[in-house]
Structures are given as structure tokens and as C-alpha cells.
>>> print(open('work05.cif').read())   # mmCIF, C-alpha atoms, pLDDT in the B column; chains and numbers go by the auth columns
data_entry
#
loop_
_atom_site.group_PDB
_atom_site.id
_atom_site.type_symbol
_atom_site.label_atom_id
_atom_site.label_comp_id
_atom_site.label_asym_id
_atom_site.label_seq_id
_atom_site.Cartn_x
_atom_site.Cartn_y
_atom_site.Cartn_z
_atom_site.B_iso_or_equiv
_atom_site.auth_seq_id
_atom_site.auth_asym_id
ATOM 1 C CA MET A 1 37.525 7.656 46.526 72.00 1 A
ATOM 2 C CA LYS A 2 35.079 10.227 45.198 82.00 2 A
ATOM 3 C CA GLN A 3 37.488 11.196 42.446 85.00 3 A
ATOM 4 C CA ALA A 4 37.776 7.567 41.313 84.00 4 A
ATOM 5 C CA GLN A 5 33.991 7.207 41.245 84.00 5 A
ATOM 6 C CA ILE A 6 33.631 10.394 39.184 86.00 6 A
ATOM 7 C CA LYS A 7 36.265 9.150 36.698 88.00 7 A
ATOM 8 C CA MET A 8 34.498 5.785 36.478 90.00 8 A
ATOM 9 C CA PHE A 9 31.123 7.473 35.786 90.00 9 A
ATOM 10 C CA GLU A 10 32.781 9.697 33.178 91.00 10 A
ATOM 11 C CA THR A 11 34.267 6.631 31.503 92.00 11 A
ATOM 12 C CA MET A 12 30.893 4.846 31.611 93.00 12 A
ATOM 13 C CA GLY A 13 29.171 7.918 30.118 93.00 13 A
ATOM 14 C CA VAL A 14 31.715 8.121 27.311 93.00 14 A
ATOM 15 C CA LEU A 15 31.313 4.398 26.591 94.00 15 A
ATOM 16 C CA VAL A 16 27.491 4.679 26.527 94.00 16 A
ATOM 17 C CA ILE A 17 27.666 7.623 24.134 95.00 17 A
ATOM 18 C CA PHE A 18 30.270 5.809 22.008 95.00 18 A
ATOM 19 C CA PHE A 19 28.112 2.676 21.710 95.00 19 A
ATOM 20 C CA PHE A 20 25.033 4.784 20.990 95.00 20 A
ATOM 21 C CA LEU A 21 26.873 6.527 18.136 96.00 21 A
ATOM 22 C CA LEU A 22 28.218 3.186 16.942 96.00 22 A
ATOM 23 C CA VAL A 23 24.704 1.692 16.784 96.00 23 A
ATOM 24 C CA ALA A 24 23.350 4.797 15.010 96.00 24 A
ATOM 25 C CA ALA A 25 26.172 4.686 12.438 96.00 25 A
ATOM 26 C CA ALA A 26 25.697 0.949 11.864 95.00 26 A
ATOM 27 C CA SER A 27 21.944 1.319 11.343 95.00 27 A
ATOM 28 C CA PHE A 28 22.552 4.207 8.912 95.00 28 A
ATOM 29 C CA TYR A 29 25.109 2.103 7.007 95.00 29 A
ATOM 30 C CA PHE A 30 22.762 -0.893 6.815 95.00 30 A
ATOM 31 C CA GLN A 31 19.895 1.290 5.544 94.00 31 A
ATOM 32 C CA ILE A 32 22.138 2.600 2.765 94.00 32 A
ATOM 33 C CA GLN A 33 23.194 -0.954 1.924 95.00 33 A
ATOM 34 C CA LYS A 34 19.555 -2.067 1.868 94.00 34 A
ATOM 35 C CA SER A 35 18.533 0.669 -0.584 93.00 35 A
ATOM 36 C CA SER A 36 21.590 -0.083 -2.719 93.00 36 A
ATOM 37 C CA LEU A 37 20.654 -3.764 -2.767 92.00 37 A
ATOM 38 C CA GLN A 38 17.069 -2.944 -3.742 88.00 38 A
ATOM 39 C CA ASN A 39 18.337 -0.787 -6.613 91.00 39 A
ATOM 40 C CA GLU A 40 20.601 -3.589 -7.759 91.00 40 A
ATOM 41 C CA LEU A 41 17.739 -6.095 -7.617 84.00 41 A
ATOM 42 C CA ALA A 42 15.571 -3.738 -9.697 83.00 42 A
ATOM 43 C CA LYS A 43 18.350 -3.445 -12.290 88.00 43 A
ATOM 44 C CA GLN A 44 18.751 -7.228 -12.384 86.00 44 A
ATOM 45 C CA SER A 45 15.017 -7.787 -12.889 82.00 45 A
ATOM 46 C CA GLN A 46 15.023 -5.201 -15.717 84.00 46 A
ATOM 47 C CA LEU A 47 17.940 -7.030 -17.301 87.00 47 A
ATOM 48 C CA ARG A 48 16.151 -10.361 -16.896 85.00 48 A
ATOM 49 C CA ALA A 49 13.051 -8.906 -18.572 84.00 49 A
ATOM 50 C CA MET A 50 15.099 -7.711 -21.539 86.00 50 A
ATOM 51 C CA GLN A 51 16.758 -11.117 -21.823 88.00 51 A
ATOM 52 C CA VAL A 52 13.346 -12.805 -21.980 87.00 52 A
ATOM 53 C CA VAL A 53 12.254 -10.372 -24.716 84.00 53 A
ATOM 54 C CA GLN A 54 15.405 -11.069 -26.725 87.00 54 A
ATOM 55 C CA LYS A 55 14.989 -14.818 -26.311 87.00 55 A
ATOM 56 C CA ALA A 56 11.397 -14.564 -27.518 85.00 56 A
ATOM 57 C CA PHE A 57 12.502 -12.563 -30.575 83.00 57 A
ATOM 58 C CA HIS A 58 15.132 -15.109 -31.555 83.00 58 A
ATOM 59 C CA MET A 59 13.213 -18.354 -31.160 84.00 59 A
ATOM 60 C CA PRO A 60 14.014 -20.564 -34.150 83.00 60 A
ATOM 61 C CA GLU A 61 10.569 -22.153 -33.755 83.00 61 A
ATOM 62 C CA LEU A 62 8.910 -18.930 -34.908 83.00 62 A
ATOM 63 C CA ASP A 63 11.308 -17.174 -37.249 82.00 63 A
ATOM 64 C CA CYS A 64 10.511 -16.036 -40.774 82.00 64 A
ATOM 65 C CA SER A 65 13.284 -17.497 -42.875 73.00 65 A
ATOM 66 C CA PHE A 66 13.509 -17.508 -46.643 72.00 66 A
ATOM 67 C CA VAL A 67 16.347 -19.549 -48.149 64.00 67 A
ATOM 68 C CA SER A 68 18.414 -19.149 -44.964 70.00 68 A
ATOM 69 C CA VAL A 69 17.771 -15.398 -44.777 72.00 69 A
ATOM 70 C CA LEU A 70 16.194 -14.326 -41.489 71.00 70 A
ATOM 71 C CA LYS A 71 13.968 -11.290 -41.107 78.00 71 A
ATOM 72 C CA ASP A 72 14.371 -9.345 -37.896 79.00 72 A
ATOM 73 C CA ASN A 73 11.399 -9.125 -35.530 82.00 73 A
ATOM 74 C CA CYS A 74 9.276 -11.381 -37.715 88.00 74 A
ATOM 75 C CA PHE A 75 7.147 -14.333 -36.601 89.00 75 A
ATOM 76 C CA ASP A 76 5.481 -16.918 -38.832 88.00 76 A
ATOM 77 C CA LYS A 77 1.745 -17.025 -38.042 88.00 77 A
ATOM 78 C CA GLN A 78 1.381 -20.750 -38.716 87.00 78 A
ATOM 79 C CA LYS A 79 4.372 -21.656 -36.573 87.00 79 A
ATOM 80 C CA LEU A 80 3.045 -19.353 -33.872 87.00 80 A
ATOM 81 C CA ALA A 81 -0.361 -21.058 -33.878 85.00 81 A
ATOM 82 C CA VAL A 82 1.169 -24.536 -33.604 84.00 82 A
ATOM 83 C CA LEU A 83 3.643 -23.602 -30.865 83.00 83 A
ATOM 84 C CA SER A 84 1.042 -21.745 -28.795 81.00 84 A
ATOM 85 C CA SER A 85 -1.317 -24.725 -29.001 79.00 85 A
ATOM 86 C CA HIS A 86 1.438 -27.057 -27.750 76.00 86 A
ATOM 87 C CA LEU A 87 2.605 -24.790 -24.955 73.00 87 A
ATOM 88 C CA GLY A 88 -0.913 -24.026 -23.797 61.00 88 A
ATOM 89 C CA ALA A 89 -2.069 -27.657 -23.867 49.00 89 A
ATOM 90 C CA SER A 90 -0.941 -28.900 -20.472 51.00 90 A
ATOM 91 C CA PRO A 91 1.831 -27.476 -18.317 51.00 91 A
ATOM 92 C CA GLN A 92 2.874 -30.865 -16.925 50.00 92 A
ATOM 93 C CA GLU A 93 4.469 -32.128 -20.130 60.00 93 A
ATOM 94 C CA GLU A 94 8.220 -32.662 -20.128 62.00 94 A
ATOM 95 C CA TYR A 95 9.109 -30.286 -22.968 62.00 95 A
ATOM 96 C CA LEU A 96 7.668 -27.353 -21.038 70.00 96 A
ATOM 97 C CA VAL A 97 10.609 -27.611 -18.652 73.00 97 A
ATOM 98 C CA ASP A 98 12.861 -26.374 -21.460 77.00 98 A
ATOM 99 C CA TYR A 99 10.640 -23.355 -22.009 82.00 99 A
ATOM 100 C CA TYR A 100 10.520 -22.716 -18.264 82.00 100 A
ATOM 101 C CA ASN A 101 14.323 -22.701 -18.217 82.00 101 A
ATOM 102 C CA LEU A 102 14.205 -20.260 -21.135 84.00 102 A
ATOM 103 C CA PHE A 103 11.447 -17.882 -19.992 86.00 103 A
ATOM 104 C CA GLY A 104 10.961 -18.560 -16.260 85.00 104 A
ATOM 105 C CA PHE A 105 7.992 -16.802 -14.706 87.00 105 A
ATOM 106 C CA SER A 106 6.659 -14.741 -17.572 88.00 106 A
ATOM 107 C CA ASP A 107 3.669 -14.171 -19.820 89.00 107 A
ATOM 108 C CA ILE A 108 4.227 -13.741 -23.569 89.00 108 A
ATOM 109 C CA LYS A 109 1.345 -12.624 -25.783 90.00 109 A
ATOM 110 C CA ILE A 110 1.296 -11.690 -29.441 90.00 110 A
ATOM 111 C CA THR A 111 -1.450 -9.448 -30.794 90.00 111 A
ATOM 112 C CA GLN A 112 -2.070 -8.708 -34.439 89.00 112 A
ATOM 113 C CA LEU A 113 -2.966 -5.097 -35.166 87.00 113 A
ATOM 114 C CA TYR A 114 -5.419 -3.766 -37.739 80.00 114 A
ATOM 115 C CA LYS A 115 -8.328 -5.690 -39.243 69.00 115 A
ATOM 116 C CA THR A 116 -8.425 -8.571 -36.842 66.00 116 A
ATOM 117 C CA GLU A 117 -10.992 -10.031 -34.517 68.00 117 A
ATOM 118 C CA GLU A 118 -8.575 -12.551 -33.033 71.00 118 A
ATOM 119 C CA ASN A 119 -7.731 -12.506 -29.378 76.00 119 A
ATOM 120 C CA PRO A 120 -4.072 -12.210 -28.447 84.00 120 A
ATOM 121 C CA VAL A 121 -2.167 -15.432 -29.007 85.00 121 A
ATOM 122 C CA VAL A 122 -0.676 -16.612 -25.739 86.00 122 A
ATOM 123 C CA LEU A 123 2.718 -18.010 -26.597 85.00 123 A
ATOM 124 C CA TYR A 124 3.837 -18.790 -23.048 86.00 124 A
ATOM 125 C CA ARG A 125 2.234 -18.272 -19.656 86.00 125 A
ATOM 126 C CA ASN A 126 3.721 -19.163 -16.312 85.00 126 A
ATOM 127 C CA ILE A 127 2.593 -16.730 -13.625 86.00 127 A
ATOM 128 C CA PRO A 128 3.565 -17.451 -10.016 87.00 128 A
ATOM 129 C CA ASP A 129 0.900 -17.402 -7.315 87.00 129 A
ATOM 130 C CA LYS A 130 2.700 -14.643 -5.444 89.00 130 A
ATOM 131 C CA TYR A 131 5.104 -12.182 -7.003 87.00 131 A
ATOM 132 C CA SER A 132 6.831 -9.060 -5.777 84.00 132 A
ATOM 133 C CA SER A 133 7.046 -7.141 -9.055 85.00 133 A
ATOM 134 C CA LYS A 134 6.065 -7.309 -12.695 89.00 134 A
ATOM 135 C CA ILE A 135 7.928 -5.743 -15.609 89.00 135 A
ATOM 136 C CA ALA A 136 5.982 -5.354 -18.845 90.00 136 A
ATOM 137 C CA THR A 137 7.560 -4.737 -22.233 88.00 137 A
ATOM 138 C CA GLN A 138 5.913 -4.198 -25.618 89.00 138 A
ATOM 139 C CA SER A 139 7.667 -4.305 -28.973 88.00 139 A
ATOM 140 C CA PRO A 140 6.424 -4.088 -32.561 91.00 140 A
ATOM 141 C CA ILE A 141 6.808 -7.169 -34.753 90.00 141 A
ATOM 142 C CA LEU A 142 5.898 -8.425 -38.211 90.00 142 A
ATOM 143 C CA LEU A 143 3.569 -11.387 -38.564 90.00 143 A
ATOM 144 C CA TYR A 144 4.038 -13.315 -41.801 88.00 144 A
ATOM 145 C CA ASP A 145 1.180 -15.367 -43.231 86.00 145 A
ATOM 146 C CA VAL A 146 2.614 -18.071 -45.492 85.00 146 A
ATOM 147 C CA ILE A 147 -0.748 -18.923 -47.029 87.00 147 A
ATOM 148 C CA SER A 148 -1.595 -15.427 -48.260 87.00 148 A
ATOM 149 C CA ASN A 149 2.082 -14.366 -48.547 86.00 149 A
ATOM 150 C CA ARG A 150 1.529 -11.113 -46.657 87.00 150 A
ATOM 151 C CA TYR A 151 2.813 -9.331 -43.611 88.00 151 A
ATOM 152 C CA ASP A 152 0.776 -7.862 -40.788 89.00 152 A
ATOM 153 C CA PHE A 153 1.830 -5.665 -37.928 90.00 153 A
ATOM 154 C CA GLY A 154 1.681 -6.954 -34.408 91.00 154 A
ATOM 155 C CA ILE A 155 2.847 -6.374 -30.878 91.00 155 A
ATOM 156 C CA ILE A 156 4.631 -8.803 -28.621 90.00 156 A
ATOM 157 C CA GLU A 157 3.874 -8.201 -24.950 91.00 157 A
ATOM 158 C CA VAL A 158 6.230 -9.748 -22.437 90.00 158 A
ATOM 159 C CA GLU A 159 5.529 -9.571 -18.717 91.00 159 A
ATOM 160 C CA VAL A 160 8.254 -10.914 -16.440 90.00 160 A
ATOM 161 C CA TYR A 161 7.382 -11.667 -12.797 89.00 161 A
ATOM 162 C CA ALA A 162 9.766 -11.552 -9.865 83.00 162 A
ATOM 163 C CA GLU A 163 8.813 -14.259 -7.390 75.00 163 A
ATOM 164 C CA GLN A 164 8.650 -13.389 -3.697 67.00 164 A
#
>>> encode(input="work05.cif", output="C-alpha cells")
Amino acid sequence: MKQAQIKMFETMGVLVIFFFLLVAAASFYFQIQKSSLQNELAKQSQLRAMQVVQKAFHMPELDCSFVSVLKDNCFDKQKLAVLSSHLGASPQEEYLVDYYNLFGFSDIKITQLYKTEENPVVLYRNIPDKYSSKIATQSPILLYDVISNRYDFGIIEVEVYAEQ
């Protein structure tokens, strides 16, 4: 009888150690998966930020076109002023839904460099109340003034927010 009890306690000890190792291995595996998932989410938010920048660069509402020839990274100042006044007017209007589908939660500002007293032109602003991360991107652009027929340098600043 004592031998059977000793064998049973040995078996119970082995099972306890086995389950302890199993739980430790599972928690280690899930921690690795969690960090891998966080890295993947960071990559996806970076990709989303670059997509928003590219969409902002290629908006037909703002392009500088001359006889069907497009200039890269060029915005028309007059078109920019009109579009920013419409988008900043009231966020409840129906056409803002299209821009929300295009830009999501982001903030797009355009600043003219050199010899200007103007504040940055806010092209689009939709910042969530709570966000987990923000990715900011700046790129140089040309700003074309149709009236004076001249180009100025500017910077487009795009901040993309990841909602919690």
C-alpha cells in the first residue's frame, strides 16, 4: 500500500511540474505574440500615415496643372484657400464624410516658407478625443500663386492619429 501511495505522489508531482512548465511556456509564447502584434500594428499605422500623405499630395482639388501637365508636389494657393475654407467651415456637412473616408483621423497643415506672415493653412483636421499614438510627417512642396505667376516653397505637415 505504501508503494502505491508513493507512486501516486510521484505521478502527482510530475503532473504538477508538467502543468507548471506548460503554463510558463504558454505565457512566454503569448508575450512573444503580443510584442509581435504590437510591432505589426506600428508598421500598419506607419503605412496608413504614408497613405494619407500620398493621398494629400495627389488631390485633384489642389493640383497645379497646365494644359493637362501636372507638376509633382505642387499645390495651387487659390484652390488651397477655397478648399480649406470649405473643410473648416462646419464638420457636420455631408461632403466631409468623403474626406473622412479619405483621411480618417488626421491633421493636415500647409505652411508657406520665407517672407510670409500667414499662419499655417489647415487643410483638414479631425483629431479624436482619445488616441493611442500620433505619427507626424513633413514634406516639402511648391505653392503656386496664379495671380502673380510665381512659386513659393512650403511644407505639408500630416499628423495621423491612431484611435484607442
>>> resolve_selection(input="work05.cif", expression="the PyMOL selection byres ((chain A and resi 41-56) around 7)", output="list in words")
Leu37, Gln38, Asn39, Glu40, Phe57, His58, Met59, Phe103, Ile135, Val158 and Val160 of chain A
>>> axis_aligned_box(input="work05.cif", around="segment 58-68 of chain A", padding_each_side="6 Å", output="AutoDock Vina command-line options")
--center_x 13.7 --center_y -18.6 --center_z -39.7 --size_x 21.5 --size_y 19.0 --size_z 29.0
>>> resolve_selection(input="work05.cif", expression="the PyMOL selection byres ((chain A and resi 141) around 6)", output="compact mmCIF listing (two decimals) with C-alpha atoms, keeping the file's coordinate frame")
# COMPACT_ATOMS: atom_id res chain seq x y z
CA ASN A 73 11.40 -9.12 -35.53
CA CYS A 74 9.28 -11.38 -37.72
CA PRO A 140 6.42 -4.09 -32.56
CA LEU A 142 5.90 -8.43 -38.21
CA GLY A 154 1.68 -6.95 -34.41
CA ILE A 155 2.85 -6.37 -30.88
>>> atom_distance(input="work05.cif", atom1="atom CA of Lys77 of chain A", atom2="atom CA of Asp145 of chain A")
5.5 Å
>>> atom_distance(input="work05.cif", atom1="atom CA of Tyr151 of chain A", atom2="atom CA of Glu118 of chain A")
15.9 Å
>>> atom_distance(input="work05.cif", atom1="atom CA of Leu62 of chain A", atom2="atom CA of Val122 of chain A")
13.5 Å
